[in-house]
>>> print(open('run06.cif').read())   # mmCIF, C-alpha atoms
data_structure
loop_
_atom_site.label_atom_id
_atom_site.label_comp_id
_atom_site.auth_asym_id
_atom_site.auth_seq_id
_atom_site.Cartn_x
_atom_site.Cartn_y
_atom_site.Cartn_z
CA MET V 17 -26.27 -37.23 -13.95
CA THR V 18 -23.97 -39.49 -15.95
CA TYR V 19 -22.48 -38.69 -19.35
CA PHE V 20 -24.75 -41.15 -21.14
CA GLU V 21 -27.82 -39.72 -19.48
CA ALA V 22 -26.79 -36.27 -20.63
CA LEU V 23 -26.08 -37.61 -24.13
CA TYR V 24 -29.48 -39.33 -24.17
CA GLN V 25 -31.25 -36.13 -23.21
CA PHE V 26 -29.37 -34.12 -25.82
CA ALA V 27 -29.43 -36.56 -28.73
CA LEU V 28 -32.72 -38.38 -28.25
CA GLU V 29 -34.91 -36.13 -26.12
CA LEU V 30 -33.61 -33.14 -28.07
CA LYS V 31 -33.17 -31.02 -24.99
CA ASP V 32 -31.27 -27.79 -25.12
CA LEU V 33 -27.70 -28.45 -24.05
CA ASN V 34 -27.79 -25.50 -21.66
CA THR V 35 -30.70 -27.03 -19.75
CA ILE V 36 -28.96 -30.35 -19.25
CA ASP V 37 -27.42 -30.64 -15.80
CA TYR V 38 -24.05 -32.00 -16.79
CA PRO V 39 -20.80 -30.08 -16.40
CA MET V 40 -18.95 -31.19 -19.55
CA LYS V 41 -21.43 -29.97 -22.14
CA ASN V 42 -18.91 -29.84 -24.97
CA LEU V 43 -18.18 -33.52 -24.47
CA VAL V 44 -21.88 -34.25 -24.84
CA PHE V 45 -21.88 -32.28 -28.08
CA LEU V 46 -18.89 -34.23 -29.38
CA GLY V 47 -20.57 -37.49 -28.46
CA ALA V 48 -23.71 -36.53 -30.34
CA SER V 49 -21.61 -35.53 -33.37
CA ALA V 50 -19.93 -38.92 -33.25
CA ILE V 51 -23.32 -40.65 -33.21
CA VAL V 52 -24.51 -38.64 -36.19
CA GLY V 53 -21.26 -39.39 -38.02
CA LEU V 54 -21.66 -43.08 -37.33
CA LEU V 55 -25.26 -43.02 -38.54
CA THR V 56 -24.19 -41.24 -41.71
CA ILE V 57 -21.58 -43.81 -42.62
CA LEU V 58 -23.95 -46.66 -41.76
CA LEU V 59 -26.64 -45.17 -43.98
CA ASP V 60 -24.12 -44.84 -46.78
CA PHE V 61 -23.17 -48.49 -46.42
CA ILE V 62 -26.82 -49.55 -46.42
CA GLY V 63 -27.42 -47.46 -49.52
CA TYR V 64 -24.43 -49.09 -51.22
CA TYR V 65 -25.58 -52.55 -50.21
CA LEU V 66 -29.11 -51.95 -51.54
CA MET V 67 -28.43 -49.78 -54.57
CA GLN V 68 -24.71 -50.39 -55.27
CA ARG V 69 -24.09 -46.68 -54.94
CA SER V 70 -22.17 -44.80 -52.26
CA VAL V 71 -23.13 -41.15 -51.85
CA LEU V 72 -19.86 -40.57 -50.02
CA GLY V 73 -17.79 -42.11 -52.82
CA MET V 74 -16.70 -45.07 -50.74
CA HIS V 75 -15.50 -48.32 -52.27
CA TYR V 76 -17.02 -51.04 -50.14
CA ASN V 77 -16.13 -54.62 -50.89
CA LYS V 78 -15.94 -57.82 -48.91
CA HIS V 79 -12.40 -57.05 -47.85
CA SER V 80 -13.03 -53.51 -46.68
CA ARG V 81 -11.93 -52.91 -43.14
CA TYR V 82 -15.32 -51.87 -41.89
CA TRP V 83 -14.21 -51.38 -38.32
CA LEU V 84 -11.59 -48.88 -39.50
CA ILE V 85 -14.06 -47.06 -41.72
CA LEU V 86 -16.59 -46.73 -38.90
CA LEU V 87 -13.95 -45.67 -36.39
CA ALA V 88 -12.21 -43.21 -38.68
CA TRP V 89 -15.29 -41.39 -39.91
CA THR V 90 -16.96 -41.34 -36.50
CA PHE V 91 -13.83 -39.88 -34.96
CA ALA V 92 -13.47 -37.38 -37.82
CA SER V 93 -17.01 -36.17 -37.26
CA SER V 94 -16.31 -35.64 -33.58
CA ALA V 95 -12.97 -33.98 -34.25
CA VAL V 96 -14.46 -31.49 -36.67
CA SER V 97 -17.16 -30.65 -34.15
CA TYR V 98 -14.46 -29.94 -31.61
CA LEU V 99 -12.68 -27.63 -34.01
CA GLY V 100 -15.96 -25.92 -34.73
CA ILE V 101 -16.54 -25.32 -31.03
CA ILE V 102 -13.05 -23.87 -30.64
CA MET V 103 -13.55 -21.60 -33.65
CA ASN V 104 -17.03 -20.65 -32.40
CA ILE V 105 -18.43 -21.47 -35.81
CA PHE V 106 -21.74 -22.83 -34.59
CA ASN V 107 -23.90 -23.12 -31.53
CA SER V 108 -23.94 -26.35 -29.58
CA THR V 109 -27.31 -27.56 -30.74
CA ILE V 110 -28.37 -30.98 -31.97
CA GLN V 111 -29.03 -29.46 -35.38
CA SER V 112 -25.40 -28.38 -35.54
CA CYS V 113 -24.42 -31.97 -34.76
CA VAL V 114 -26.37 -33.19 -37.76
CA ILE V 115 -24.94 -30.52 -40.02
CA VAL V 116 -21.38 -31.26 -38.94
CA GLY V 117 -21.70 -35.01 -38.55
CA ALA V 118 -23.40 -35.60 -41.88
CA THR V 119 -22.07 -32.77 -44.02
CA TRP V 120 -18.50 -32.99 -42.87
CA ILE V 121 -18.35 -36.70 -43.61
CA TYR V 122 -19.66 -36.03 -47.10
CA LEU V 123 -17.09 -33.27 -47.64
CA ALA V 124 -14.29 -35.26 -46.02
CA ALA V 125 -14.95 -38.32 -48.17
CA LYS V 126 -14.89 -36.21 -51.31
CA ILE V 127 -11.64 -34.53 -50.22
CA ALA V 128 -10.11 -37.88 -49.28
CA ASN V 129 -11.06 -39.41 -52.63
CA GLN V 130 -9.41 -36.50 -54.38
CA HIS V 131 -6.24 -36.79 -52.35
CA ALA V 132 -6.05 -40.58 -52.44
CA THR V 133 -5.12 -40.13 -56.08
CA PRO V 134 -3.72 -36.62 -56.34
CA ASP V 135 -3.21 -36.79 -60.08
CA PRO V 136 -5.69 -38.93 -61.98
CA GLU V 137 -3.96 -42.28 -62.37
CA ASP V 138 -4.39 -44.40 -65.46
CA ILE V 139 -7.00 -47.08 -65.04
CA GLN V 140 -6.81 -50.47 -66.70
CA LYS V 141 -10.33 -51.23 -67.88
CA MET B 758 -1.94 -40.97 -50.54
CA ALA B 759 -2.59 -44.66 -50.39
CA PHE B 760 -2.93 -44.42 -46.58
CA LEU B 761 -6.42 -43.01 -47.18
CA HIS B 762 -7.49 -46.13 -49.04
CA PRO B 763 -8.53 -48.16 -45.97
CA ILE B 764 -10.96 -45.51 -44.74
CA LEU B 765 -12.40 -45.21 -48.22
CA GLY B 766 -13.14 -48.91 -48.31
CA PHE B 767 -10.34 -50.07 -50.58
CA ARG B 768 -8.83 -53.42 -49.74
CA ARG B 769 -5.12 -54.21 -49.88
CA PHE B 770 -3.40 -55.68 -52.93
CA THR B 771 -3.30 -59.46 -52.95
CA PRO B 772 0.30 -60.67 -52.62
CA VAL B 773 1.53 -62.32 -55.82
CA ASP B 774 2.23 -65.61 -54.03
CA ALA B 775 -1.40 -65.72 -52.91
CA ILE B 776 -2.51 -65.01 -56.48
CA LYS B 777 -0.36 -67.85 -57.78
CA LYS B 778 -1.67 -70.19 -55.13
CA ASP B 779 -5.28 -69.30 -55.91
CA ILE B 780 -4.77 -69.79 -59.66
CA ALA B 781 -3.16 -73.16 -59.02
CA ALA B 782 -6.08 -74.22 -56.86
CA GLN B 783 -8.84 -72.99 -59.18
CA LEU B 784 -7.63 -73.57 -62.70
CA PHE B 785 -5.44 -76.59 -62.75
CA ALA B 786 -7.48 -79.67 -63.43
CA ASP B 787 -4.49 -81.27 -65.10
CA ARG B 788 -2.02 -82.60 -62.56
CA HIS B 789 0.76 -82.03 -65.04
CA GLU B 790 0.15 -78.31 -64.96
CA HIS B 791 1.84 -76.49 -62.14
CA ILE B 792 2.75 -72.98 -61.21
CA SER B 793 5.07 -73.35 -58.28
CA THR B 794 8.36 -73.18 -60.14
CA THR B 795 7.58 -70.24 -62.38
CA GLY B 796 8.03 -66.53 -61.92
CA TYR B 797 5.83 -63.55 -62.41
CA LEU B 798 6.02 -60.18 -64.08
CA LEU B 799 4.51 -56.99 -62.73
CA LEU B 800 3.37 -55.07 -65.77
CA PHE B 801 1.33 -52.20 -64.37
CA SER B 802 1.27 -50.68 -60.90
CA THR B 803 -0.66 -47.75 -59.47
CA THR B 804 -2.03 -47.10 -55.98
CA ARG B 805 -5.24 -48.71 -57.12
CA GLN B 806 -4.36 -51.43 -59.64
CA GLN B 807 -1.71 -54.00 -60.40
CA THR B 808 -1.44 -56.14 -63.50
CA TRP B 809 0.53 -59.35 -63.25
CA LEU B 810 1.66 -61.85 -65.84
CA ILE B 811 1.85 -65.27 -64.27
CA ALA B 812 2.64 -68.49 -66.07
CA SER B 813 2.24 -72.17 -65.50
CA ASN B 814 4.17 -74.67 -67.54
CA HIS B 815 1.30 -74.64 -70.08
CA ARG B 816 -0.38 -71.25 -69.94
CA LEU B 817 0.19 -67.53 -69.46
CA PHE B 818 -2.30 -65.66 -67.31
CA CYS B 819 -2.96 -61.95 -67.10
CA ILE B 820 -4.20 -60.96 -63.67
CA LEU B 821 -5.73 -57.61 -62.79
CA ASP B 822 -5.83 -56.73 -59.11
CA ASP B 823 -8.02 -53.68 -58.44
CA VAL B 824 -8.32 -52.69 -54.77
CA ALA B 825 -11.74 -51.16 -55.42
CA GLY B 826 -13.07 -54.61 -56.27
CA ASP B 827 -13.62 -57.74 -54.24
CA GLY B 828 -10.51 -59.50 -55.45
CA PHE B 829 -8.11 -60.05 -58.32
CA VAL B 830 -9.47 -61.25 -61.66
CA THR B 831 -7.90 -63.43 -64.34
CA ARG B 832 -8.57 -61.34 -67.40
CA TRP B 833 -7.15 -63.59 -70.06
CA GLU B 834 -4.94 -66.59 -70.64
CA LEU B 835 -2.87 -67.83 -73.54
CA THR B 836 -1.57 -71.31 -74.10
CA LYS B 837 2.11 -71.85 -74.50
CA HIS B 838 1.99 -72.90 -78.14
CA THR B 839 0.44 -69.54 -79.13
CA ILE B 840 3.36 -67.71 -77.52
CA ILE B 841 6.48 -69.65 -78.41
CA HIS B 842 7.47 -72.06 -81.16
CA ASN B 843 10.84 -73.65 -81.74
CA GLY B 844 12.37 -71.59 -78.99
CA LYS B 845 11.17 -68.26 -80.35
CA ILE B 846 8.38 -65.95 -79.28
CA ILE B 847 5.76 -66.00 -82.03
CA LEU B 848 3.17 -63.93 -80.20
CA ASP B 849 2.82 -60.53 -81.85
CA ILE B 850 3.88 -58.14 -79.09
CA ARG B 851 3.38 -54.46 -79.85
CA ILE B 852 4.24 -51.69 -77.46
CA HIS B 853 2.81 -48.18 -77.67
CA GLU B 854 4.58 -45.57 -75.57
CA ASP B 855 2.18 -42.71 -76.10
CA TYR B 856 -0.76 -43.75 -73.90
CA SER B 857 0.09 -41.23 -71.15
CA SER B 858 3.10 -39.75 -69.38
CA ARG B 859 3.02 -42.55 -66.82
CA SER B 860 1.77 -45.52 -68.82
CA GLY B 861 2.19 -47.14 -72.17
CA SER B 862 0.10 -49.88 -73.70
CA ILE B 863 1.08 -53.32 -74.93
CA ASP B 864 -0.76 -55.67 -77.25
CA PHE B 865 -0.44 -59.41 -76.71
CA GLY B 866 -1.50 -60.64 -80.12
CA GLU B 867 -4.76 -59.71 -81.78
CA MET B 868 -7.06 -60.74 -78.97
CA HIS B 869 -5.51 -58.96 -75.99
CA LYS B 870 -4.78 -55.38 -76.81
CA ASN B 871 -4.25 -52.14 -74.95
CA TRP B 872 -2.93 -53.54 -71.73
CA LEU B 873 -1.30 -50.80 -69.75
CA TYR B 874 2.24 -50.99 -68.46
CA SER B 875 3.90 -48.59 -66.03
CA LYS B 876 6.75 -46.48 -67.30
CA LYS B 877 8.16 -46.29 -63.79
CA ILE B 878 8.78 -50.05 -64.07
CA PHE B 879 9.73 -50.06 -67.77
CA PRO B 880 11.04 -46.62 -68.72
CA GLN B 881 12.05 -47.85 -72.17
CA THR B 882 10.23 -50.24 -74.49
CA GLU B 883 13.38 -52.36 -74.81
CA LEU B 884 13.25 -53.03 -71.08
CA LEU B 885 9.70 -54.28 -71.40
CA PHE B 886 10.56 -56.50 -74.38
CA ASN B 887 13.58 -57.90 -72.55
CA ALA B 888 11.61 -58.40 -69.35
CA PHE B 889 8.90 -60.32 -71.18
CA HIS B 890 11.52 -62.35 -73.03
CA ASP B 891 13.33 -63.19 -69.79
CA PHE B 892 10.05 -63.96 -68.08
CA ILE B 893 9.10 -66.47 -70.76
CA PHE B 894 12.46 -68.15 -71.24
CA LEU B 895 14.23 -67.78 -67.92
CA HIS B 896 11.54 -67.67 -65.25
CA CYS B 897 8.93 -69.88 -66.88
CA GLY B 898 11.43 -72.28 -68.34
CA TRP B 899 9.44 -72.64 -71.54
#
>>> encode(input="run06.cif", output="structure tokens")
Amino acid sequence: MTYFEALYQFALELKDLNTIDYPMKNLVFLGASAIVGLLTILLDFIGYYLMQRSVLGMHYNKHSRYWLILLAWTFASSAVSYLGIIMNIFNSTIQSCVIVGATWIYLAAKIANQHATPDPEDIQK
Amino acid sequence: MAFLHPILGFRRFTPVDAIKKDIAAQLFADRHEHISTTGYLLLFSTTRQQTWLIASNHRLFCILDDVAGDGFVTRWELTKHTIIHNGKIILDIRIHEDYSSRSGSIDFGEMHKNWLYSKKIFPQTELLFNAFHDFIFLHCGW
């Protein structure tokens, strides 16, 4: 079985990771977390495009580096999943992927917004 | 932590030369108006916003560049004759230091008030007065 077949079975067929015949199960979990993270940021962008509101607190404009945003948040989602596996915080289920991939991005964006301007800067209106 | 700005969707600041070039292209219908030989003055600078004063040989422009937006915006302009007369600045410039610990505010006449300036650029009001004076008479050549 290839990695993508294993990922397909885990993420789309919703099979239990333990029943999937692929040796690197954690990698499959990280891949699924990355997919969920990517979907989350895409949904946020669509919401901003349709309703001019970003749930994640992003500041999209025509000069935003969308490739960097997609890459960074997708990678962050996967990285946090990895840390969660190491810390044994959650089980390697698809539901955990959604919780980490979606929730972490929401938390991370809020934290990043706070730290991008550590003290509230003056704003010229 | 401006390095977080790209992943939050902020764009980069527009370089002042690009701002000048864009103003020259968009606003100058009169061939006798030009911007190429004049200077610029950075009034306000944070990780998110910059306010520039840029002048042609006829007008003074106030430009606000906010990285959360799509691009810089010309917020107001003043013609030369409302600023100087007989070699003296006649525009009523008032500076207020007490806006915040990092910013003060400056009024350019009655119509353009409460424009923020950065105290890290102009720690004293005299510096701001002198900078504006030099900008008008030395860099703009008015």
>>> closest_atom_pairs(input="run06.cif", of="chain V", to="chain B", cutoff="10 Å", atoms="only C-alpha atoms", output="tab-separated table")
residue	atom	partner	partner_atom	distance
V:Leu72	CA	B:Leu765	CA	9.0
V:Gly73	CA	B:Leu765	CA	7.7
V:Met74	CA	B:Leu765	CA	5.0
V:His75	CA	B:Gly766	CA	4.6
V:Tyr76	CA	B:Gly766	CA	4.8
V:Asn77	CA	B:Asp827	CA	5.2
V:Lys78	CA	B:Asp827	CA	5.8
V:His79	CA	B:Arg768	CA	5.4
V:Ser80	CA	B:Gly766	CA	4.9
V:Arg81	CA	B:Pro763	CA	6.5
V:Tyr82	CA	B:Gly766	CA	7.4
V:Trp83	CA	B:Ile764	CA	9.3
V:Leu84	CA	B:Ile764	CA	6.3
V:Ile85	CA	B:Ile764	CA	4.6
V:Leu86	CA	B:Ile764	CA	8.2
V:Leu87	CA	B:Ile764	CA	8.9
V:Ala88	CA	B:Ile764	CA	6.6
V:Trp89	CA	B:Ile764	CA	7.7
V:Ala125	CA	B:Leu765	CA	7.3
V:Lys126	CA	B:Leu765	CA	9.8
V:Ala128	CA	B:Leu761	CA	6.7
V:Asn129	CA	B:Leu765	CA	7.4
V:Gln130	CA	B:Met758	CA	9.5
V:His131	CA	B:Met758	CA	6.3
V:Ala132	CA	B:Met758	CA	4.5
V:Thr133	CA	B:Met758	CA	6.4
V:Pro134	CA	B:Met758	CA	7.5
V:Glu137	CA	B:Thr803	CA	7.0
V:Asp138	CA	B:Ser860	CA	7.1
V:Ile139	CA	B:Gln806	CA	7.4
V:Gln140	CA	B:Leu873	CA	6.3
V:Lys141	CA	B:Trp872	CA	8.7
>>> resolve_selection(input="run06.cif", expression="the PyMOL selection byres ((chain B and resi 798) around 9)", output="count of residues only")
11
>>> residues_around(input="run06.cif", residues="Leu817 of chain B", least_positions_apart="5", cutoff="12 Å", atoms="only C-alpha atoms", output="PyMOL selection string")
chain B and resi 777+780+784+790-792+795-798+809-812+831-841+848+865+889+892-893+897+899
>>> write_last_selection(input="run06.cif", atoms="C-alpha atoms", output="compact mmCIF listing (two decimals), keeping the file's coordinate frame")
# COMPACT_ATOMS: atom_id res chain seq x y z
CA LYS B 777 -0.36 -67.85 -57.78
CA ILE B 780 -4.77 -69.79 -59.66
CA LEU B 784 -7.63 -73.57 -62.70
CA GLU B 790 0.15 -78.31 -64.96
CA HIS B 791 1.84 -76.49 -62.14
CA ILE B 792 2.75 -72.98 -61.21
CA THR B 795 7.58 -70.24 -62.38
CA GLY B 796 8.03 -66.53 -61.92
CA TYR B 797 5.83 -63.55 -62.41
CA LEU B 798 6.02 -60.18 -64.08
CA TRP B 809 0.53 -59.35 -63.25
CA LEU B 810 1.66 -61.85 -65.84
CA ILE B 811 1.85 -65.27 -64.27
CA ALA B 812 2.64 -68.49 -66.07
CA THR B 831 -7.90 -63.43 -64.34
CA ARG B 832 -8.57 -61.34 -67.40
CA TRP B 833 -7.15 -63.59 -70.06
CA GLU B 834 -4.94 -66.59 -70.64
CA LEU B 835 -2.87 -67.83 -73.54
CA THR B 836 -1.57 -71.31 -74.10
CA LYS B 837 2.11 -71.85 -74.50
CA HIS B 838 1.99 -72.90 -78.14
CA THR B 839 0.44 -69.54 -79.13
CA ILE B 840 3.36 -67.71 -77.52
CA ILE B 841 6.48 -69.65 -78.41
CA LEU B 848 3.17 -63.93 -80.20
CA PHE B 865 -0.44 -59.41 -76.71
CA PHE B 889 8.90 -60.32 -71.18
CA PHE B 892 10.05 -63.96 -68.08
CA ILE B 893 9.10 -66.47 -70.76
CA CYS B 897 8.93 -69.88 -66.88
CA TRP B 899 9.44 -72.64 -71.54
>>> resolve_selection(input="run06.cif", expression="the PyMOL selection byres ((chain V and resi 110) around 8)", output="count of residues only")
11
>>> resolve_selection(input="run06.cif", expression="the PyMOL selection byres ((chain V and resi 95) around 12)", output="PyMOL selection string")
chain V and resi 42-43+45-50+53+87-94+96-102+113+116-117+120-121+124
>>> atom_distance(input="run06.cif", atom1="atom CA of Ser70 of chain V", atom2="atom CA of Ile105 of chain V")
28.8 Å
>>> atom_distance(input="run06.cif", atom1="atom CA of Tyr19 of chain V", atom2="atom CA of Leu55 of chain V")
19.9 Å
